[in-house]
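Structure below is input-v2.txt: compact mmCIF, N, CA and C atoms.
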# COMPACT_ATOMS: atom_id res chain seq x y z
N MET A 1 -7.00 -65.59 81.86
CA MET A 1 -6.15 -64.42 81.97
C MET A 1 -6.40 -63.46 80.81
N ALA A 2 -6.54 -64.02 79.58
CA ALA A 2 -6.75 -63.18 78.40
C ALA A 2 -8.10 -62.46 78.49
N LEU A 3 -9.12 -63.13 79.00
CA LEU A 3 -10.44 -62.52 79.14
C LEU A 3 -10.38 -61.36 80.14
N TRP A 4 -9.64 -61.55 81.23
CA TRP A 4 -9.51 -60.50 82.23
C TRP A 4 -8.78 -59.29 81.65
N MET A 5 -7.73 -59.52 80.84
CA MET A 5 -6.97 -58.42 80.22
C MET A 5 -7.84 -57.67 79.21
N THR A 6 -8.67 -58.41 78.48
CA THR A 6 -9.55 -57.79 77.50
C THR A 6 -10.57 -56.90 78.20
N ARG A 7 -11.14 -57.39 79.29
CA ARG A 7 -12.11 -56.59 80.04
C ARG A 7 -11.43 -55.35 80.63
N ARG A 8 -10.22 -55.51 81.10
CA ARG A 8 -9.48 -54.39 81.68
C ARG A 8 -9.20 -53.33 80.62
N ARG A 9 -8.79 -53.75 79.43
CA ARG A 9 -8.54 -52.79 78.34
C ARG A 9 -9.83 -52.09 77.93
N LEU A 10 -10.90 -52.86 77.83
CA LEU A 10 -12.20 -52.29 77.46
C LEU A 10 -12.63 -51.26 78.50
N LEU A 11 -12.51 -51.59 79.78
CA LEU A 11 -12.87 -50.66 80.84
C LEU A 11 -11.99 -49.42 80.79
N SER A 12 -10.69 -49.61 80.57
CA SER A 12 -9.75 -48.49 80.48
C SER A 12 -10.10 -47.58 79.30
N THR A 13 -10.45 -48.17 78.17
CA THR A 13 -10.83 -47.40 76.98
C THR A 13 -12.11 -46.61 77.24
N LEU A 14 -13.10 -47.24 77.86
CA LEU A 14 -14.36 -46.55 78.16
C LEU A 14 -14.16 -45.38 79.12
N VAL A 15 -13.31 -45.59 80.12
CA VAL A 15 -13.04 -44.52 81.07
C VAL A 15 -12.34 -43.36 80.36
N THR A 16 -11.37 -43.66 79.51
CA THR A 16 -10.66 -42.62 78.77
C THR A 16 -11.61 -41.83 77.87
N VAL A 17 -12.46 -42.51 77.15
CA VAL A 17 -13.44 -41.85 76.26
C VAL A 17 -14.39 -40.99 77.09
N ALA A 18 -14.86 -41.50 78.23
CA ALA A 18 -15.77 -40.72 79.07
C ALA A 18 -15.09 -39.46 79.60
N LEU A 19 -13.84 -39.58 80.00
CA LEU A 19 -13.12 -38.41 80.50
C LEU A 19 -12.89 -37.39 79.40
N LEU A 20 -12.51 -37.85 78.22
CA LEU A 20 -12.31 -36.93 77.10
C LEU A 20 -13.62 -36.25 76.71
N GLY A 21 -14.68 -37.02 76.68
CA GLY A 21 -15.99 -36.46 76.34
C GLY A 21 -16.43 -35.42 77.35
N GLY A 22 -16.13 -35.65 78.63
CA GLY A 22 -16.48 -34.69 79.66
C GLY A 22 -15.68 -33.41 79.53
N CYS A 23 -14.42 -33.52 79.14
CA CYS A 23 -13.57 -32.34 78.99
C CYS A 23 -13.93 -31.56 77.73
N LEU A 24 -14.32 -32.28 76.70
CA LEU A 24 -14.62 -31.63 75.44
C LEU A 24 -16.06 -31.13 75.36
N GLY A 25 -16.91 -31.65 76.24
CA GLY A 25 -18.32 -31.28 76.22
C GLY A 25 -18.53 -29.86 76.70
N ARG A 26 -19.67 -29.33 76.39
CA ARG A 26 -20.03 -27.96 76.77
C ARG A 26 -20.26 -27.90 78.28
N SER A 27 -19.71 -26.88 78.90
CA SER A 27 -19.91 -26.71 80.33
C SER A 27 -21.28 -26.08 80.58
N LEU A 28 -21.69 -26.09 81.83
CA LEU A 28 -22.97 -25.48 82.17
C LEU A 28 -22.92 -23.98 81.93
N PRO A 29 -24.03 -23.38 81.51
CA PRO A 29 -24.02 -21.93 81.28
C PRO A 29 -23.86 -21.18 82.60
N LEU A 30 -23.34 -19.98 82.50
CA LEU A 30 -23.21 -19.15 83.70
C LEU A 30 -24.59 -18.72 84.17
N PRO A 31 -24.80 -18.73 85.46
CA PRO A 31 -26.08 -18.22 85.96
C PRO A 31 -26.09 -16.69 85.86
N PRO A 32 -27.27 -16.11 85.75
CA PRO A 32 -27.32 -14.64 85.73
C PRO A 32 -26.95 -14.11 87.12
N PRO A 33 -26.53 -12.87 87.20
CA PRO A 33 -26.23 -12.30 88.51
C PRO A 33 -27.50 -12.21 89.35
N SER A 34 -27.33 -12.21 90.66
CA SER A 34 -28.49 -12.04 91.53
C SER A 34 -28.79 -10.55 91.68
N VAL A 35 -30.03 -10.25 91.95
CA VAL A 35 -30.44 -8.87 92.27
C VAL A 35 -31.00 -8.93 93.69
N THR A 36 -30.24 -8.40 94.64
CA THR A 36 -30.63 -8.50 96.04
C THR A 36 -31.32 -7.25 96.56
N SER A 37 -31.19 -6.15 95.83
CA SER A 37 -31.78 -4.89 96.29
C SER A 37 -32.17 -4.05 95.09
N GLN A 38 -33.32 -3.40 95.22
CA GLN A 38 -33.79 -2.50 94.16
C GLN A 38 -34.41 -1.28 94.82
N SER A 39 -33.99 -0.09 94.38
CA SER A 39 -34.64 1.13 94.86
C SER A 39 -34.98 2.00 93.65
N VAL A 40 -36.08 2.73 93.78
CA VAL A 40 -36.57 3.57 92.70
C VAL A 40 -36.82 4.97 93.24
N THR A 41 -36.29 5.97 92.55
CA THR A 41 -36.56 7.37 92.93
C THR A 41 -37.14 8.09 91.72
N GLU A 42 -38.06 8.99 92.00
CA GLU A 42 -38.68 9.77 90.92
C GLU A 42 -37.65 10.71 90.31
N CYS A 43 -37.76 10.90 89.03
CA CYS A 43 -36.88 11.82 88.31
C CYS A 43 -37.57 13.19 88.29
N ALA A 44 -36.83 14.22 88.61
CA ALA A 44 -37.38 15.58 88.62
C ALA A 44 -37.86 15.97 87.22
N ALA A 45 -38.97 16.70 87.15
CA ALA A 45 -39.55 17.11 85.86
C ALA A 45 -38.57 17.94 85.05
N SER A 46 -37.69 18.69 85.70
CA SER A 46 -36.72 19.49 84.96
C SER A 46 -35.67 18.61 84.26
N VAL A 47 -35.44 17.43 84.80
CA VAL A 47 -34.47 16.50 84.21
C VAL A 47 -35.16 15.54 83.25
N CYS A 48 -36.36 15.09 83.61
CA CYS A 48 -37.12 14.13 82.80
C CYS A 48 -38.47 14.73 82.42
N PRO A 49 -38.53 15.54 81.35
CA PRO A 49 -39.80 16.19 81.00
C PRO A 49 -40.92 15.21 80.67
N SER A 50 -40.60 14.00 80.25
CA SER A 50 -41.62 13.00 79.93
C SER A 50 -41.84 12.04 81.09
N GLY A 51 -41.32 12.38 82.26
CA GLY A 51 -41.45 11.50 83.43
C GLY A 51 -40.38 10.43 83.43
N GLY A 52 -40.36 9.67 84.47
CA GLY A 52 -39.40 8.59 84.58
C GLY A 52 -38.85 8.47 85.98
N VAL A 53 -37.99 7.49 86.15
CA VAL A 53 -37.41 7.20 87.45
C VAL A 53 -35.93 6.88 87.28
N THR A 54 -35.24 6.85 88.42
CA THR A 54 -33.88 6.36 88.47
C THR A 54 -33.92 5.08 89.29
N VAL A 55 -33.36 4.01 88.76
CA VAL A 55 -33.39 2.70 89.40
C VAL A 55 -31.98 2.32 89.84
N THR A 56 -31.85 1.92 91.09
CA THR A 56 -30.59 1.43 91.61
C THR A 56 -30.76 -0.05 91.93
N LEU A 57 -29.92 -0.86 91.32
CA LEU A 57 -29.94 -2.30 91.55
C LEU A 57 -28.63 -2.72 92.18
N GLU A 58 -28.68 -3.65 93.11
CA GLU A 58 -27.48 -4.22 93.72
C GLU A 58 -27.63 -5.72 93.75
N GLY A 59 -26.50 -6.41 93.73
CA GLY A 59 -26.56 -7.87 93.78
C GLY A 59 -25.17 -8.48 93.81
N THR A 60 -25.13 -9.75 93.46
CA THR A 60 -23.86 -10.46 93.40
C THR A 60 -23.71 -11.13 92.05
N ALA A 61 -22.47 -11.23 91.63
CA ALA A 61 -22.11 -11.85 90.35
C ALA A 61 -20.78 -12.57 90.57
N LEU A 62 -20.21 -13.05 89.51
CA LEU A 62 -18.87 -13.62 89.61
C LEU A 62 -17.88 -12.51 89.96
N PRO A 63 -16.83 -12.81 90.71
CA PRO A 63 -15.84 -11.79 91.03
C PRO A 63 -15.29 -11.13 89.76
N ASN A 64 -15.26 -9.81 89.76
CA ASN A 64 -14.72 -8.99 88.66
C ASN A 64 -15.47 -9.13 87.34
N ALA A 65 -16.66 -9.69 87.35
CA ALA A 65 -17.45 -9.81 86.12
C ALA A 65 -18.00 -8.45 85.71
N THR A 66 -18.28 -8.30 84.44
CA THR A 66 -18.96 -7.11 83.92
C THR A 66 -20.46 -7.39 84.00
N VAL A 67 -21.20 -6.49 84.61
CA VAL A 67 -22.65 -6.65 84.78
C VAL A 67 -23.34 -5.61 83.90
N VAL A 68 -24.30 -6.07 83.11
CA VAL A 68 -25.04 -5.20 82.18
C VAL A 68 -26.50 -5.14 82.61
N VAL A 69 -27.05 -3.93 82.70
CA VAL A 69 -28.46 -3.72 83.03
C VAL A 69 -29.07 -2.95 81.86
N GLU A 70 -30.12 -3.52 81.24
CA GLU A 70 -30.74 -2.92 80.05
C GLU A 70 -32.24 -2.76 80.25
N ASP A 71 -32.77 -1.60 79.90
CA ASP A 71 -34.22 -1.37 79.89
C ASP A 71 -34.76 -1.91 78.57
N LEU A 72 -35.72 -2.82 78.64
CA LEU A 72 -36.25 -3.46 77.43
C LEU A 72 -37.42 -2.72 76.80
N ASN A 73 -37.86 -1.60 77.38
CA ASN A 73 -38.98 -0.85 76.85
C ASN A 73 -38.57 -0.20 75.53
N PRO A 74 -39.22 -0.58 74.40
CA PRO A 74 -38.85 0.00 73.10
C PRO A 74 -39.01 1.52 73.06
N ALA A 75 -39.90 2.08 73.88
CA ALA A 75 -40.09 3.53 73.90
C ALA A 75 -38.87 4.25 74.48
N GLN A 76 -38.00 3.52 75.17
CA GLN A 76 -36.82 4.13 75.77
C GLN A 76 -35.55 3.88 74.95
N MET A 77 -35.72 3.43 73.71
CA MET A 77 -34.57 3.23 72.83
C MET A 77 -34.19 4.55 72.17
N GLY A 78 -32.91 4.69 71.88
CA GLY A 78 -32.42 5.87 71.17
C GLY A 78 -32.88 5.87 69.73
N ALA A 79 -32.64 6.96 69.04
CA ALA A 79 -33.08 7.11 67.65
C ALA A 79 -32.47 6.06 66.74
N ARG A 80 -31.31 5.54 67.09
CA ARG A 80 -30.65 4.51 66.27
C ARG A 80 -30.86 3.11 66.84
N GLY A 81 -31.79 2.97 67.80
CA GLY A 81 -32.09 1.66 68.37
C GLY A 81 -31.26 1.27 69.58
N GLU A 82 -30.47 2.20 70.12
CA GLU A 82 -29.66 1.89 71.30
C GLU A 82 -30.56 1.70 72.51
N LEU A 83 -30.21 0.69 73.30
CA LEU A 83 -30.96 0.45 74.54
C LEU A 83 -30.51 1.42 75.61
N LEU A 84 -31.43 1.77 76.49
CA LEU A 84 -31.09 2.52 77.69
C LEU A 84 -30.44 1.50 78.62
N ALA A 85 -29.16 1.64 78.89
CA ALA A 85 -28.43 0.61 79.63
C ALA A 85 -27.32 1.22 80.46
N VAL A 86 -26.84 0.44 81.40
CA VAL A 86 -25.68 0.81 82.20
C VAL A 86 -24.83 -0.44 82.39
N VAL A 87 -23.52 -0.24 82.42
CA VAL A 87 -22.57 -1.35 82.61
C VAL A 87 -21.74 -1.05 83.84
N THR A 88 -21.54 -2.05 84.68
CA THR A 88 -20.71 -1.90 85.86
C THR A 88 -19.85 -3.14 86.04
N ARG A 89 -18.95 -3.10 86.99
CA ARG A 89 -18.08 -4.26 87.24
C ARG A 89 -18.26 -4.70 88.68
N ALA A 90 -18.38 -6.01 88.87
CA ALA A 90 -18.44 -6.57 90.22
C ALA A 90 -17.06 -6.46 90.86
N ASP A 91 -17.03 -6.33 92.17
CA ASP A 91 -15.74 -6.24 92.86
C ASP A 91 -15.14 -7.63 93.05
N ASP A 92 -14.03 -7.69 93.77
CA ASP A 92 -13.34 -8.97 94.00
C ASP A 92 -14.19 -9.99 94.73
N GLU A 93 -15.20 -9.53 95.48
CA GLU A 93 -16.10 -10.42 96.22
C GLU A 93 -17.34 -10.77 95.38
N GLY A 94 -17.54 -10.09 94.25
CA GLY A 94 -18.70 -10.33 93.40
C GLY A 94 -19.85 -9.34 93.61
N ALA A 95 -19.71 -8.40 94.53
CA ALA A 95 -20.77 -7.42 94.77
C ALA A 95 -20.77 -6.38 93.66
N TRP A 96 -21.96 -5.97 93.23
CA TRP A 96 -22.08 -4.95 92.19
C TRP A 96 -23.24 -4.01 92.51
N ARG A 97 -23.19 -2.83 91.91
CA ARG A 97 -24.24 -1.81 92.06
C ARG A 97 -24.32 -1.07 90.74
N ALA A 98 -25.54 -0.89 90.24
CA ALA A 98 -25.75 -0.17 88.98
C ALA A 98 -26.89 0.82 89.15
N ILE A 99 -26.71 2.00 88.58
CA ILE A 99 -27.75 3.03 88.62
C ILE A 99 -28.17 3.32 87.19
N LEU A 100 -29.43 2.99 86.89
CA LEU A 100 -29.99 3.22 85.56
C LEU A 100 -30.87 4.45 85.65
N GLY A 101 -30.43 5.52 85.02
CA GLY A 101 -31.15 6.78 85.11
C GLY A 101 -31.35 7.41 83.75
N PRO A 102 -31.82 8.65 83.75
CA PRO A 102 -32.11 9.33 82.49
C PRO A 102 -30.83 9.67 81.73
N ARG A 103 -30.97 9.72 80.43
CA ARG A 103 -29.89 10.21 79.57
C ARG A 103 -30.52 10.85 78.34
N ARG A 104 -29.80 11.80 77.78
CA ARG A 104 -30.29 12.51 76.60
C ARG A 104 -29.77 11.80 75.35
N ASP A 105 -30.69 11.46 74.44
CA ASP A 105 -30.30 10.84 73.18
C ASP A 105 -29.68 11.92 72.31
N PRO A 106 -28.42 11.78 71.90
CA PRO A 106 -27.76 12.84 71.13
C PRO A 106 -28.38 13.08 69.75
N ASP A 107 -29.04 12.08 69.18
CA ASP A 107 -29.62 12.26 67.85
C ASP A 107 -30.97 12.98 67.90
N SER A 108 -31.82 12.60 68.84
CA SER A 108 -33.16 13.19 68.89
C SER A 108 -33.28 14.30 69.94
N GLU A 109 -32.29 14.43 70.83
CA GLU A 109 -32.31 15.38 71.94
C GLU A 109 -33.41 15.05 72.95
N ARG A 110 -34.05 13.91 72.81
CA ARG A 110 -35.09 13.45 73.73
C ARG A 110 -34.44 12.85 74.98
N VAL A 111 -35.03 13.11 76.15
CA VAL A 111 -34.53 12.50 77.38
C VAL A 111 -35.17 11.12 77.52
N LEU A 112 -34.33 10.11 77.63
CA LEU A 112 -34.78 8.74 77.82
C LEU A 112 -34.61 8.39 79.30
N ALA A 113 -35.64 7.83 79.91
CA ALA A 113 -35.55 7.47 81.33
C ALA A 113 -36.37 6.22 81.57
N PRO A 114 -35.91 5.35 82.46
CA PRO A 114 -36.72 4.18 82.82
C PRO A 114 -38.07 4.63 83.36
N GLN A 115 -39.08 3.84 83.11
CA GLN A 115 -40.44 4.14 83.56
C GLN A 115 -40.91 3.04 84.51
N ARG A 116 -41.80 3.40 85.41
CA ARG A 116 -42.41 2.38 86.27
C ARG A 116 -43.12 1.36 85.39
N GLY A 117 -42.95 0.10 85.69
CA GLY A 117 -43.55 -0.98 84.91
C GLY A 117 -42.63 -1.53 83.82
N ASP A 118 -41.54 -0.83 83.52
CA ASP A 118 -40.57 -1.34 82.54
C ASP A 118 -39.91 -2.61 83.07
N THR A 119 -39.49 -3.44 82.16
CA THR A 119 -38.71 -4.62 82.51
C THR A 119 -37.26 -4.34 82.16
N VAL A 120 -36.37 -4.61 83.10
CA VAL A 120 -34.94 -4.50 82.83
C VAL A 120 -34.36 -5.91 82.89
N GLN A 121 -33.37 -6.15 82.06
CA GLN A 121 -32.69 -7.44 82.14
C GLN A 121 -31.27 -7.21 82.61
N VAL A 122 -30.80 -8.17 83.42
CA VAL A 122 -29.48 -8.09 84.02
C VAL A 122 -28.73 -9.35 83.63
N TRP A 123 -27.50 -9.17 83.14
CA TRP A 123 -26.66 -10.32 82.79
C TRP A 123 -25.21 -9.98 83.05
N GLN A 124 -24.36 -11.00 83.03
CA GLN A 124 -22.95 -10.78 83.35
C GLN A 124 -22.05 -11.43 82.30
N VAL A 125 -20.85 -10.88 82.19
CA VAL A 125 -19.80 -11.45 81.35
C VAL A 125 -18.62 -11.71 82.27
N SER A 126 -18.18 -12.97 82.32
CA SER A 126 -17.08 -13.33 83.21
C SER A 126 -15.77 -12.75 82.69
N VAL A 127 -14.75 -12.80 83.53
CA VAL A 127 -13.42 -12.31 83.14
C VAL A 127 -12.92 -13.07 81.92
N GLU A 128 -13.31 -14.36 81.80
CA GLU A 128 -12.89 -15.18 80.66
C GLU A 128 -13.68 -14.86 79.39
N GLY A 129 -14.74 -14.04 79.50
CA GLY A 129 -15.52 -13.65 78.32
C GLY A 129 -16.78 -14.46 78.10
N ASP A 130 -17.17 -15.31 79.06
CA ASP A 130 -18.40 -16.09 78.93
C ASP A 130 -19.58 -15.27 79.42
N ALA A 131 -20.67 -15.25 78.64
CA ALA A 131 -21.87 -14.51 79.00
C ALA A 131 -22.86 -15.42 79.71
N SER A 132 -23.59 -14.84 80.65
CA SER A 132 -24.58 -15.61 81.41
C SER A 132 -25.95 -15.51 80.75
N GLY A 133 -26.88 -16.22 81.34
CA GLY A 133 -28.28 -16.04 81.00
C GLY A 133 -28.74 -14.71 81.59
N VAL A 134 -30.00 -14.35 81.38
CA VAL A 134 -30.49 -13.07 81.87
C VAL A 134 -31.45 -13.27 83.04
N ARG A 135 -31.49 -12.26 83.88
CA ARG A 135 -32.47 -12.18 84.95
C ARG A 135 -33.31 -10.95 84.63
N ARG A 136 -34.62 -11.10 84.67
CA ARG A 136 -35.50 -9.96 84.38
C ARG A 136 -36.12 -9.44 85.65
N VAL A 137 -36.15 -8.12 85.76
CA VAL A 137 -36.68 -7.44 86.94
C VAL A 137 -37.64 -6.37 86.44
N VAL A 138 -38.81 -6.31 87.05
CA VAL A 138 -39.81 -5.29 86.68
C VAL A 138 -39.68 -4.12 87.66
N ILE A 139 -39.64 -2.91 87.13
CA ILE A 139 -39.60 -1.72 87.98
C ILE A 139 -41.01 -1.56 88.56
N PRO A 140 -41.13 -1.54 89.88
CA PRO A 140 -42.46 -1.48 90.50
C PRO A 140 -43.27 -0.26 90.06
N ARG A 141 -44.56 -0.45 89.89
CA ARG A 141 -45.42 0.65 89.47
C ARG A 141 -45.73 1.61 90.60
N GLY A 142 -45.86 1.11 91.81
CA GLY A 142 -46.18 1.96 92.96
C GLY A 142 -44.93 2.48 93.63
N ALA A 143 -45.12 3.43 94.54
CA ALA A 143 -43.97 3.97 95.27
C ALA A 143 -43.40 2.89 96.17
N MET A 144 -42.09 2.92 96.30
CA MET A 144 -41.41 1.93 97.13
C MET A 144 -41.13 2.51 98.48
File written out as structure tokens:
Amino acid sequence: MALWMTRRRLLSTLVTVALLGGCLGRSLPLPPPSVTSQSVTECAASVCPSGGVTVTLEGTALPNATVVVEDLNPAQMGARGELLAVVTRADDEGAWRAILGPRRDPDSERVLAPQRGDTVQVWQVSVEGDASGVRRVVIPRGAM
């Protein structure tokens, strides 16, 4: 009887430790948002004197998550190192849409615009404040 009680206590202790360890352990990282659609339109020369495009990305993320799209091309950074980026919010179903287009850098007065061949990274921040990994998308070089 004593041996059975000892085994039962040992098993109970191991189960408790395993459950606590599972609760205290790090959870899996958030996956990056999906990109289900990409369209590219040429930027007019009057708007983008150095050329460029406007990129529209659509996809799914966690419901109500903040989705960030950043152009990683160093040539498209602002004078103070700011990335050319856009932030949007996924709806209650998780659908999101972001348009990354030209903008004028206030310090240099230079127009920054995504270029064909640039890599953009897409990531999300959940409502709880957890950030996901990144998904990288290359802007196609040819016409779409």
- Note on the structure: Among A:Arg104, A:Arg141, A:Arg135, A:Arg89, Thr66 (chain A) is approached most closely, using only N, CA and C atoms, by A:Arg89
- Message: Please compute the CA of Gly117 (chain A)-CA of Gly78 (chain A) distance, one decimal, in Å.
- Response: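 Taking CA of Gly117 (chain A) and CA of Gly78 (chain A), their separation equals 19.0 Å.
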- Around the point (-16.3, -5.6, 88.8), in the coordinates given by the file, pick out the residues reaching within 5 Å, counting all atoms listed in the file, and return them as a ChimeraX atom specification. /A:64-65,89-91
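Here atom N of Pro114 (chain A) and atom C of Ala98 (chain A) stand 12.1 Å from one another.
Across the structure, atom C of Asp105 (chain A) and CA of Ser39 (chain A) are spaced 25.5 Å apart.
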- Message: Ranking A:Ser108, A:Pro102, A:Pro33, A:Pro140 by minimum distance to Arg80 (chain A) and counting only C-alpha atoms, which one comes first?
- Response: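 Nearest candidate to Arg80 (chain A) out of A:Ser108, A:Pro102, A:Pro33, A:Pro140: A:Ser108.
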